[in-house]
>>> print(open('data29.txt').read())   # compact mmCIF, C-alpha atoms and all ligand atoms
# COMPACT_ATOMS: atom_id res chain seq x y z
CA MET W 18 -14.26 16.14 -3.20
CA GLY W 19 -11.99 13.69 -1.40
CA LYS W 20 -14.83 12.36 0.66
CA LYS W 21 -16.90 11.64 -2.44
CA VAL W 22 -14.18 9.52 -4.02
CA ILE W 23 -13.72 7.62 -0.77
CA ASP W 24 -17.45 6.91 -0.69
CA GLN W 25 -17.24 5.68 -4.27
CA ALA W 26 -14.19 3.58 -3.45
CA VAL W 27 -16.18 1.90 -0.71
CA SER W 28 -19.46 1.54 -2.57
CA ILE W 29 -17.89 0.26 -5.78
CA PHE W 30 -18.25 -3.20 -4.29
CA PHE W 31 -21.96 -3.14 -4.14
CA SER W 32 -22.36 -2.38 -7.81
CA LEU W 33 -19.55 -4.63 -8.98
CA THR W 34 -20.48 -7.60 -6.90
CA ASP W 35 -24.24 -7.45 -7.07
CA GLY W 36 -25.38 -11.05 -7.04
CA LEU W 37 -22.15 -12.49 -5.71
CA SER W 38 -23.36 -11.84 -2.16
CA LYS W 39 -19.94 -11.98 -0.58
CA GLU W 40 -19.20 -9.98 2.49
CA ARG W 41 -17.28 -6.76 2.26
CA GLN W 42 -14.36 -6.64 4.64
CA SER W 43 -12.59 -3.53 5.79
CA SER W 44 -9.25 -3.30 7.52
CA LYS W 45 -7.78 -0.24 9.16
CA ARG W 46 -4.13 0.24 10.03
CA TYR W 47 -3.36 2.86 12.63
CA LEU W 48 0.19 3.98 13.28
CA ALA W 49 0.33 1.87 16.45
CA ASP W 50 -0.32 -1.24 14.31
CA ILE W 51 2.50 -0.61 11.83
CA LYS W 52 4.93 1.78 13.53
CA SER W 53 7.89 -0.59 13.06
CA ILE W 54 7.89 0.01 9.29
CA PHE W 55 9.09 3.60 9.72
CA ARG W 56 12.73 4.65 10.07
CA ASP W 57 12.23 7.17 12.84
CA GLN W 58 11.03 5.02 15.72
CA LYS W 59 11.20 7.85 18.24
CA GLU W 60 8.91 10.05 16.16
CA ALA W 61 6.59 7.11 15.47
CA GLU W 62 6.25 6.48 19.21
CA ARG W 63 5.60 10.17 19.84
CA MET W 64 2.85 10.26 17.22
CA VAL W 65 1.26 7.06 18.53
CA THR W 66 1.08 8.55 22.01
CA ASN W 67 -0.11 11.89 20.70
CA HIS W 68 -2.97 11.01 18.33
CA ASN W 69 -2.22 7.62 16.73
CA PRO W 70 -3.32 8.56 13.18
CA LEU W 71 -5.02 6.23 10.73
CA VAL W 72 -2.33 5.52 8.11
CA TYR W 73 -4.25 3.37 5.65
CA GLU W 74 -7.28 1.17 5.19
CA PHE W 75 -8.46 -1.24 2.57
CA TYR W 76 -11.71 -2.83 1.55
CA GLU W 77 -12.03 -6.19 -0.08
CA LEU W 78 -14.52 -8.92 -0.62
CA GLY W 79 -14.09 -12.37 0.81
CA MET W 80 -14.00 -13.90 -2.63
CA PRO W 81 -13.15 -17.59 -2.97
CA ALA W 82 -9.39 -18.07 -2.79
CA ASP W 83 -9.29 -20.10 -5.98
CA ALA W 84 -6.92 -19.72 -8.89
CA GLY W 85 -9.78 -18.90 -11.24
CA ASP W 86 -11.21 -16.17 -9.04
CA LEU W 87 -10.08 -12.58 -8.70
CA ALA W 88 -9.39 -10.84 -5.42
CA PHE W 89 -10.09 -7.13 -5.65
CA GLY W 90 -10.70 -4.09 -3.54
CA THR W 91 -9.71 -0.56 -2.77
CA SER W 92 -6.84 0.80 -0.76
CA ILE W 93 -6.79 4.24 0.87
CA THR W 94 -3.47 5.59 2.14
CA TYR W 95 -3.85 8.85 4.05
CA PRO W 96 -1.56 11.88 3.71
CA GLY W 97 1.05 12.34 6.41
CA SER W 98 4.56 11.41 7.38
CA VAL W 99 6.67 10.09 10.21
CA GLY W 100 9.84 12.13 10.54
CA GLY W 101 9.69 13.00 6.83
CA GLU W 102 8.92 9.45 5.67
CA TYR W 103 5.58 9.44 3.90
CA PHE W 104 2.63 7.40 5.13
CA MET W 105 2.61 4.05 3.34
CA THR W 106 1.24 0.55 3.47
CA LYS W 107 3.16 -2.33 5.03
CA GLY W 108 3.74 -3.84 1.63
CA HIS W 109 3.83 -7.51 0.77
CA PHE W 110 4.90 -10.30 -1.51
CA HIS W 111 2.26 -12.75 -2.63
CA ASN W 112 2.42 -16.24 -1.14
CA ILE W 113 2.35 -17.45 -4.71
CA LEU W 114 5.33 -15.33 -5.69
CA GLU W 115 4.61 -15.70 -9.41
CA THR W 116 1.51 -13.52 -9.12
CA ALA W 117 1.18 -10.09 -10.69
CA GLU W 118 -1.30 -7.42 -9.64
CA VAL W 119 -2.89 -4.34 -11.15
CA TYR W 120 -3.51 -1.10 -9.28
CA TYR W 121 -5.62 1.69 -10.77
CA CYS W 122 -5.49 5.12 -9.19
CA LEU W 123 -8.81 6.75 -8.34
CA GLN W 124 -7.54 9.72 -6.39
CA GLY W 125 -4.45 11.35 -4.97
CA HIS W 126 -0.78 11.21 -5.76
CA GLY W 127 1.40 8.30 -4.83
CA TYR W 128 4.25 5.97 -5.55
CA MET W 129 4.11 2.23 -5.98
CA LEU W 130 7.42 0.91 -4.66
CA MET W 131 8.41 -2.56 -5.83
CA GLU W 132 11.28 -5.00 -5.35
CA ASN W 133 11.93 -8.68 -5.99
CA PRO W 134 13.93 -11.21 -3.94
CA GLU W 135 16.82 -10.87 -6.41
CA GLY W 136 17.25 -7.22 -5.40
CA GLU W 137 15.79 -5.48 -8.45
CA TRP W 138 13.59 -2.57 -7.51
CA ASP W 139 11.46 0.02 -9.22
CA TYR W 140 8.83 2.61 -8.49
CA LYS W 141 6.01 4.16 -10.46
CA GLU W 142 4.45 7.54 -9.82
CA VAL W 143 0.69 7.18 -9.81
CA THR W 144 -2.02 9.76 -10.42
CA PRO W 145 -5.77 9.41 -11.09
CA GLY W 146 -6.48 7.54 -14.30
CA ASN W 147 -3.15 5.66 -14.30
CA ALA W 148 -2.77 1.96 -13.79
CA VAL W 149 0.34 0.25 -12.46
CA TYR W 150 1.22 -3.30 -13.34
CA VAL W 151 3.11 -4.92 -10.49
CA PRO W 152 5.03 -7.78 -12.10
CA LYS W 153 5.08 -11.23 -10.55
CA ARG W 154 7.81 -11.79 -7.91
CA PHE W 155 7.73 -8.12 -6.85
CA ALA W 156 6.78 -7.00 -3.35
CA HIS W 157 4.76 -3.80 -3.50
CA ARG W 158 3.88 -0.90 -1.25
CA SER W 159 1.66 2.18 -1.76
CA ILE W 160 3.10 5.50 -0.62
CA ASN W 161 1.15 8.74 -0.38
CA ILE W 162 3.33 11.63 -1.54
CA GLY W 163 0.44 14.11 -1.83
CA ASN W 164 -1.93 16.04 0.38
CA ASP W 165 -5.13 14.06 -0.28
CA PRO W 166 -5.99 10.44 0.40
CA PHE W 167 -4.24 8.22 -2.18
CA ILE W 168 -6.88 5.77 -3.38
CA THR W 169 -6.37 2.79 -5.67
CA PHE W 170 -8.40 -0.11 -6.94
CA PHE W 171 -6.47 -3.38 -7.04
CA CYS W 172 -7.04 -6.80 -8.56
CA PHE W 173 -5.06 -10.05 -8.52
CA ARG W 174 -5.40 -13.82 -8.73
CA GLY W 175 -7.71 -15.12 -6.01
CA ASP W 176 -5.43 -17.70 -4.44
CA ALA W 177 -2.23 -15.60 -4.42
CA GLY W 178 -2.31 -14.80 -0.70
CA HIS W 179 -0.25 -12.19 1.16
CA ASP W 180 3.22 -12.59 2.61
CA TYR W 181 3.87 -9.61 4.91
CA LYS W 182 6.59 -11.29 6.98
CA THR W 183 9.42 -11.39 4.44
CA ILE W 184 9.36 -7.66 3.89
CA GLU W 185 8.76 -6.92 7.57
CA SER W 186 12.18 -8.06 8.77
CA THR W 187 14.30 -5.52 6.90
CA GLY W 188 11.78 -3.42 5.00
CA PHE W 189 12.15 -2.41 1.36
CA ARG W 190 15.61 -1.60 0.03
CA LYS W 191 14.54 1.98 -0.63
CA VAL W 192 12.66 4.47 1.51
CA ILE W 193 10.85 7.57 0.30
CA VAL W 194 11.36 10.70 2.34
CA GLU W 195 10.34 14.28 1.84
CA LYS W 196 13.13 16.73 1.10
CA ASP W 197 12.47 20.37 0.20
CA GLY W 198 8.83 19.47 -0.37
CA LYS W 199 9.65 16.70 -2.85
CA PRO W 200 9.87 12.93 -2.58
CA ASN W 201 13.41 11.65 -2.38
CA ILE W 202 14.39 8.00 -2.80
CA ILE W 203 17.18 6.93 -0.48
CA ASN W 204 18.75 3.63 0.59
CA ASN W 205 17.25 1.91 3.58
CA PRO W 206 19.95 1.90 6.26
CA ARG W 207 18.77 -1.53 7.38
CA TRP W 208 19.94 -2.96 4.03
CA GLU W 209 23.38 -1.37 4.11
ZN ZN Z 1 -0.50 -7.58 -3.68
>>> encode(input="data29.txt", output="structure tokens", more="lines below")
Ligand code: ZN
Amino acid sequence: MGKKVIDQAVSIFFSLTDGLSKERQSSKRYLADIKSIFRDQKEAERMVTNHNPLVYEFYELGMPADAGDLAFGTSITYPGSVGGEYFMTKGHFHNILETAEVYYCLQGHGYMLMENPEGEWDYKEVTPGNAVYVPKRFAHRSINIGNDPFITFFCFRGDAGHDYKTIESTGFRKVIVEKDGKPNIINNPRWE
């Protein structure tokens, strides 16, 4: 079942963009690429050496980066964890900070973790059929808290751009870790 939804998530572009003839781009992030985002660096290193799992991937079209265009695609975050911290995306602000984004869940069970430069933060639990509105000014990260691939469709203003650097230095204020089989939201020690 999971495989079918992934196939759909990938092929959705061909039906949606028929006639636009833009190239589909895929990006894969293995643990080695993003290991610094996890708390437990020792465990991350061990896993990279051991089997270096694929943590997430996303597909998008190279649409024109104009204000009137829409950037859209699908994001697949795989199940897993590093020392109890669930697999997640790097997360980003938009270069144009005043840009919102919509995520619609196609499969799986996840959290959307959000925070703005002023220190406000929030999260939304996402299941298939739910949409999340990420307000402008909020950095956002997908987190897979389930056992299947967590797949979302996203859409935002074409010229918004991605700012990964700001969030990279200290991470989000909150981290989501598994405790007794349930997601637990705790403070990020790097912010304390
Ligand atoms: Zn975004």
>>> residues_near_ligand(input="data29.txt", ligand="ligand ZN 1 (chain Z)", cutoff="12 Å", atoms="all atoms listed in the file", output="PyMOL selection string")
chain W and resi 75+87-92+106-120+129-131+149-159+170-181
>>> residues_around(input="data29.txt", residues="Pro200 of chain W", least_positions_apart="2", cutoff="12 Å", atoms="all atoms listed in the file", output="PyMOL selection string")
chain W and resi 98+101-104+126-128+140+142+160-163+192-198+202-203
>>> closest_residue(input="data29.txt", among="W:Ile184, W:Ala82, W:Ile54, W:Ile168", to="Tyr95 of chain W", atoms="all atoms listed in the file")
W:Ile168
>>> atom_distance(input="data29.txt", atom1="atom CA of Asn133 of chain W", atom2="atom CA of Lys59 of chain W")
29.3 Å
>>> closest_residue(input="data29.txt", among="W:Cys122, W:Ser43, W:Ser53, W:Met64", to="Ser186 of chain W", atoms="all atoms listed in the file")
W:Ser53
>>> residues_around(input="data29.txt", residues="Asn164 of chain W", least_positions_apart="6", cutoff="8 Å", atoms="only C-alpha atoms", output="ChimeraX atom specification")
/W:96-97,125-126
>>> write_last_selection(input="data29.txt", atoms="C-alpha atoms", output="short mmCIF file (atom, residue, chain, number, x, y, z; two decimals), keeping the file's coordinate frame")
data_model
loop_
_atom_site.label_atom_id
_atom_site.label_comp_id
_atom_site.auth_asym_id
_atom_site.auth_seq_id
_atom_site.Cartn_x
_atom_site.Cartn_y
_atom_site.Cartn_z
CA PRO W 96 -1.56 11.88 3.71
CA GLY W 97 1.05 12.34 6.41
CA GLY W 125 -4.45 11.35 -4.97
CA HIS W 126 -0.78 11.21 -5.76
#
>>> axis_aligned_box(input="data29.txt", around="segment 197-208 of chain W", padding_each_side="3 Å", output="lines of an AutoDock Vina configuration file")
center_x = 14.4
center_y = 8.7
center_z = 2.3
size_x = 17.1
size_y = 29.3
size_z = 16.2
>>> atom_distance(input="data29.txt", atom1="atom CA of Arg46 of chain W", atom2="atom CA of Gly85 of chain W")
29.2 Å
>>> residues_around(input="data29.txt", residues="Lys52 of chain W", least_positions_apart="6", cutoff="9 Å", atoms="all atoms listed in the file", output="number ranges by chain")
W: 58, 61-62, 65
>>> decode(input="data29.txt", residues="segment 187-202 of chain W", atoms="all heavy atoms", output="PDB file, in the first residue's frame")
ATOM      1  N   THR W 187      21.364  26.466  15.144  1.00  0.00           N
ATOM      2  CA  THR W 187      20.962  25.997  16.481  1.00  0.00           C
ATOM      3  C   THR W 187      19.835  24.975  16.431  1.00  0.00           C
ATOM      4  O   THR W 187      19.456  24.419  17.458  1.00  0.00           O
ATOM      5  CB  THR W 187      20.495  27.169  17.361  1.00  0.00           C
ATOM      6  OG1 THR W 187      19.625  27.983  16.598  1.00  0.00           O
ATOM      7  CG2 THR W 187      21.659  27.970  17.873  1.00  0.00           C
ATOM      8  N   GLY W 188      19.250  24.773  15.265  1.00  0.00           N
ATOM      9  CA  GLY W 188      18.107  23.869  15.168  1.00  0.00           C
ATOM     10  C   GLY W 188      16.837  24.547  15.635  1.00  0.00           C
ATOM     11  O   GLY W 188      16.831  25.734  15.964  1.00  0.00           O
ATOM     12  N   PHE W 189      15.747  23.797  15.660  1.00  0.00           N
ATOM     13  CA  PHE W 189      14.479  24.319  16.173  1.00  0.00           C
ATOM     14  C   PHE W 189      14.533  24.369  17.703  1.00  0.00           C
ATOM     15  O   PHE W 189      15.308  23.658  18.321  1.00  0.00           O
ATOM     16  CB  PHE W 189      13.313  23.418  15.720  1.00  0.00           C
ATOM     17  CG  PHE W 189      12.915  23.609  14.285  1.00  0.00           C
ATOM     18  CD1 PHE W 189      13.753  23.216  13.253  1.00  0.00           C
ATOM     19  CD2 PHE W 189      11.685  24.165  13.956  1.00  0.00           C
ATOM     20  CE1 PHE W 189      13.391  23.384  11.924  1.00  0.00           C
ATOM     21  CE2 PHE W 189      11.311  24.338  12.631  1.00  0.00           C
ATOM     22  CZ  PHE W 189      12.159  23.946  11.613  1.00  0.00           C
ATOM     23  N   ARG W 190      13.698  25.184  18.280  1.00  0.00           N
ATOM     24  CA  ARG W 190      13.669  25.307  19.743  1.00  0.00           C
ATOM     25  C   ARG W 190      13.192  24.031  20.430  1.00  0.00           C
ATOM     26  O   ARG W 190      13.488  23.801  21.592  1.00  0.00           O
ATOM     27  CB  ARG W 190      12.771  26.474  20.149  1.00  0.00           C
ATOM     28  CG  ARG W 190      13.398  27.831  19.872  1.00  0.00           C
ATOM     29  CD  ARG W 190      12.372  28.934  20.061  1.00  0.00           C
ATOM     30  NE  ARG W 190      12.983  30.258  20.025  1.00  0.00           N
ATOM     31  CZ  ARG W 190      13.336  30.905  18.927  1.00  0.00           C
ATOM     32  NH1 ARG W 190      13.163  30.334  17.757  1.00  0.00           N
ATOM     33  NH2 ARG W 190      13.874  32.113  18.974  1.00  0.00           N
ATOM     34  N   LYS W 191      12.404  23.241  19.708  1.00  0.00           N
ATOM     35  CA  LYS W 191      11.867  22.005  20.278  1.00  0.00           C
ATOM     36  C   LYS W 191      12.351  20.812  19.467  1.00  0.00           C
ATOM     37  O   LYS W 191      12.530  20.935  18.243  1.00  0.00           O
ATOM     38  CB  LYS W 191      10.329  22.023  20.260  1.00  0.00           C
ATOM     39  CG  LYS W 191       9.721  23.209  20.975  1.00  0.00           C
ATOM     40  CD  LYS W 191       9.864  23.095  22.483  1.00  0.00           C
ATOM     41  CE  LYS W 191       9.425  24.391  23.159  1.00  0.00           C
ATOM     42  NZ  LYS W 191       9.627  24.339  24.620  1.00  0.00           N
ATOM     43  N   VAL W 192      12.540  19.700  20.132  1.00  0.00           N
ATOM     44  CA  VAL W 192      12.843  18.449  19.427  1.00  0.00           C
ATOM     45  C   VAL W 192      11.801  17.409  19.831  1.00  0.00           C
ATOM     46  O   VAL W 192      11.259  17.447  20.937  1.00  0.00           O
ATOM     47  CB  VAL W 192      14.280  17.935  19.710  1.00  0.00           C
ATOM     48  CG1 VAL W 192      15.315  18.879  19.145  1.00  0.00           C
ATOM     49  CG2 VAL W 192      14.510  17.733  21.190  1.00  0.00           C
ATOM     50  N   ILE W 193      11.532  16.498  18.902  1.00  0.00           N
ATOM     51  CA  ILE W 193      10.505  15.484  19.126  1.00  0.00           C
ATOM     52  C   ILE W 193      11.192  14.138  19.280  1.00  0.00           C
ATOM     53  O   ILE W 193      11.839  13.658  18.341  1.00  0.00           O
ATOM     54  CB  ILE W 193       9.510  15.424  17.942  1.00  0.00           C
ATOM     55  CG1 ILE W 193       9.127  16.821  17.452  1.00  0.00           C
ATOM     56  CG2 ILE W 193       8.277  14.603  18.324  1.00  0.00           C
ATOM     57  CD1 ILE W 193       8.299  17.647  18.378  1.00  0.00           C
ATOM     58  N   VAL W 194      11.046  13.566  20.451  1.00  0.00           N
ATOM     59  CA  VAL W 194      11.678  12.273  20.720  1.00  0.00           C
ATOM     60  C   VAL W 194      10.633  11.254  21.152  1.00  0.00           C
ATOM     61  O   VAL W 194       9.588  11.610  21.697  1.00  0.00           O
ATOM     62  CB  VAL W 194      12.770  12.378  21.813  1.00  0.00           C
ATOM     63  CG1 VAL W 194      13.939  13.215  21.328  1.00  0.00           C
ATOM     64  CG2 VAL W 194      12.189  12.944  23.095  1.00  0.00           C
ATOM     65  N   GLU W 195      10.948  10.012  20.880  1.00  0.00           N
ATOM     66  CA  GLU W 195      10.033   8.950  21.282  1.00  0.00           C
ATOM     67  C   GLU W 195      10.252   8.586  22.740  1.00  0.00           C
ATOM     68  O   GLU W 195      11.376   8.418  23.196  1.00  0.00           O
ATOM     69  CB  GLU W 195      10.274   7.725  20.398  1.00  0.00           C
ATOM     70  CG  GLU W 195       9.165   6.714  20.491  1.00  0.00           C
ATOM     71  CD  GLU W 195       9.678   5.309  20.606  1.00  0.00           C
ATOM     72  OE1 GLU W 195      10.285   4.813  19.656  1.00  0.00           O
ATOM     73  OE2 GLU W 195       9.475   4.717  21.679  1.00  0.00           O
ATOM     74  N   LYS W 196       9.129   8.519  23.488  1.00  0.00           N
ATOM     75  CA  LYS W 196       9.209   8.074  24.876  1.00  0.00           C
ATOM     76  C   LYS W 196       8.026   7.168  25.144  1.00  0.00           C
ATOM     77  O   LYS W 196       6.885   7.563  24.917  1.00  0.00           O
ATOM     78  CB  LYS W 196       9.191   9.284  25.817  1.00  0.00           C
ATOM     79  CG  LYS W 196       9.715   8.942  27.185  1.00  0.00           C
ATOM     80  CD  LYS W 196       9.584  10.104  28.149  1.00  0.00           C
ATOM     81  CE  LYS W 196       9.884   9.607  29.562  1.00  0.00           C
ATOM     82  NZ  LYS W 196       9.234  10.435  30.567  1.00  0.00           N
ATOM     83  N   ASP W 197       8.296   5.956  25.592  1.00  0.00           N
ATOM     84  CA  ASP W 197       7.250   4.948  25.820  1.00  0.00           C
ATOM     85  C   ASP W 197       6.362   4.786  24.588  1.00  0.00           C
ATOM     86  O   ASP W 197       5.138   4.714  24.689  1.00  0.00           O
ATOM     87  CB  ASP W 197       6.387   5.312  27.034  1.00  0.00           C
ATOM     88  CG  ASP W 197       7.225   5.488  28.289  1.00  0.00           C
ATOM     89  OD1 ASP W 197       8.216   4.743  28.443  1.00  0.00           O
ATOM     90  OD2 ASP W 197       6.897   6.358  29.118  1.00  0.00           O
ATOM     91  N   GLY W 198       6.969   4.814  23.415  1.00  0.00           N
ATOM     92  CA  GLY W 198       6.243   4.595  22.173  1.00  0.00           C
ATOM     93  C   GLY W 198       5.451   5.795  21.688  1.00  0.00           C
ATOM     94  O   GLY W 198       4.726   5.706  20.696  1.00  0.00           O
ATOM     95  N   LYS W 199       5.598   6.933  22.379  1.00  0.00           N
ATOM     96  CA  LYS W 199       4.825   8.120  21.972  1.00  0.00           C
ATOM     97  C   LYS W 199       5.744   9.313  21.740  1.00  0.00           C
ATOM     98  O   LYS W 199       6.786   9.434  22.389  1.00  0.00           O
ATOM     99  CB  LYS W 199       3.843   8.484  23.089  1.00  0.00           C
ATOM    100  CG  LYS W 199       2.648   7.569  23.162  1.00  0.00           C
ATOM    101  CD  LYS W 199       1.587   8.163  24.083  1.00  0.00           C
ATOM    102  CE  LYS W 199       0.440   7.193  24.273  1.00  0.00           C
ATOM    103  NZ  LYS W 199       0.056   7.058  25.684  1.00  0.00           N
ATOM    104  N   PRO W 200       5.328  10.205  20.830  1.00  0.00           N
ATOM    105  CA  PRO W 200       6.149  11.400  20.622  1.00  0.00           C
ATOM    106  C   PRO W 200       6.079  12.348  21.817  1.00  0.00           C
ATOM    107  O   PRO W 200       5.026  12.562  22.396  1.00  0.00           O
ATOM    108  CB  PRO W 200       5.527  12.052  19.380  1.00  0.00           C
ATOM    109  CG  PRO W 200       4.194  11.447  19.212  1.00  0.00           C
ATOM    110  CD  PRO W 200       4.190  10.132  19.909  1.00  0.00           C
ATOM    111  N   ASN W 201       7.219  12.869  22.159  1.00  0.00           N
ATOM    112  CA  ASN W 201       7.365  13.734  23.307  1.00  0.00           C
ATOM    113  C   ASN W 201       8.088  15.003  22.848  1.00  0.00           C
ATOM    114  O   ASN W 201       9.127  14.910  22.202  1.00  0.00           O
ATOM    115  CB  ASN W 201       8.227  12.971  24.327  1.00  0.00           C
ATOM    116  CG  ASN W 201       7.918  13.355  25.741  1.00  0.00           C
ATOM    117  OD1 ASN W 201       6.856  13.882  26.032  1.00  0.00           O
ATOM    118  ND2 ASN W 201       8.863  13.082  26.626  1.00  0.00           N
ATOM    119  N   ILE W 202       7.544  16.163  23.183  1.00  0.00           N
ATOM    120  CA  ILE W 202       8.156  17.417  22.748  1.00  0.00           C
ATOM    121  C   ILE W 202       9.019  17.976  23.882  1.00  0.00           C
ATOM    122  O   ILE W 202       8.502  18.236  24.962  1.00  0.00           O
ATOM    123  CB  ILE W 202       7.084  18.451  22.349  1.00  0.00           C
ATOM    124  CG1 ILE W 202       6.215  17.871  21.238  1.00  0.00           C
ATOM    125  CG2 ILE W 202       7.730  19.761  21.927  1.00  0.00           C
ATOM    126  CD1 ILE W 202       5.029  18.739  20.884  1.00  0.00           C
TER     127      ILE W 202
END
